[in-house]
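Trainee: Below is the structure I would like to discuss, written out as structure tokens.
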Amino acid sequence: MMTAPAAMVFVVDDDASVRKSLSRLASAAGYRVQAYASPREFLARRPEPGPSCLVLDVRMPGVTGLDLQQTLASAVHEIPIIFITGHGDIPTTVKAMKAGAVDFLAKPFAGKDLLDAIQRAVAKDTRNLGAEARDDEVRSRVKRLTPRERQVLALVVTGMLNKQIASELGIGEKTVKVHRARVMEKMQAGSVAALVRLADAVGIIVTKA
């Protein structure tokens, strides 16, 4: 049985000595580490599978840490960020935390504080990746539905009865029952409540014929 690789810690700081010390600290704690001197270098990296987090300096020449946070916010998967800075101020901290940062550490900080923050960030990313994988699986099930089955699904989750669905779609009630059974089977839902949860998870929009 193959063991999953250790979580990845990305370090982005324009100070080489800081990158080196943070990389050593994270590596010693059992994490894989990749360090970059600028946000642009980080963005040009090859994607890495599995849970990860980003230890990011706030102030850097050109593209700042906050700029990078804003860029990453639009990504399909948003990596958890731990900000570090030697020039911390309250407005910057508030802005970073409101935008979803896991933590904001002012230099100098204790190694334990950073490792604790990394642990929280990796745990958060692990949960997020799990939820995304489940949502992807549900979407793949939805794609296996026929157009008519999708219509029936969208109406079933609103609480409509078979008779009401038949009237809405202009088809027979027996036909609705057949489509409904196929929807439940393909979506792997044991009940209407389970079907509703699956639909909510992927944001299925109710559409009418």
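Residue numbers start at 1 in each chain; chains themselves are named A, B, ... in the order of the structure tokens; ligands are numbered from 1 in the order shown.
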Excluding Arg139 in chain A and its own-chain neighbours fewer than 2 positions away, which residues fall within 10 Å of it when counting only C-alpha atoms? Please give them as a PyMOL selection string.
Mentor: chain A and resi 133-137+141-144+187+198-199+201-204
Trainee: Could you find all residues in chain A that DSSP calls helix (DSSP H, G or I) from the backbone, and write them as a ChimeraX atom specification?
Mentor: /A:16-28,39-43,65-72,90-98,111-143,147-156,162-169,173-186,192-201
Trainee: Pick from A:Ala181, A:Ala110, A:Ala99, A:Val122: nearest to Leu68 in chain A, with only C-alpha atoms counted?
Mentor: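 Counting only C-alpha atoms, the residue closest to Leu68 in chain A is A:Ala99.
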Trainee: Nearest residue to Ala96 in chain A out of A:Val11, A:Leu66, A:Ile79, A:Ala123, using only C-alpha atoms?
Mentor: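 Among the listed residues, A:Leu66 lies closest to Ala96 in chain A.
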Trainee: Can you tell me how far CA of Ser140 in chain A sits from CA of Ala193 in chain A, in Å to one decimal?
Mentor: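 Taking CA of Ser140 in chain A and CA of Ala193 in chain A, their separation equals 19.5 Å.
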Trainee: Let me make sure I understand: among A:Leu129, A:Ala37, A:Ala121, A:Leu115, which one has the smallest atom-to-atom distance to Lys20 in chain A if we use only C-alpha atoms?
Mentor: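 Among the listed residues, the smallest separation from Lys20 in chain A belongs to A:Ala37.
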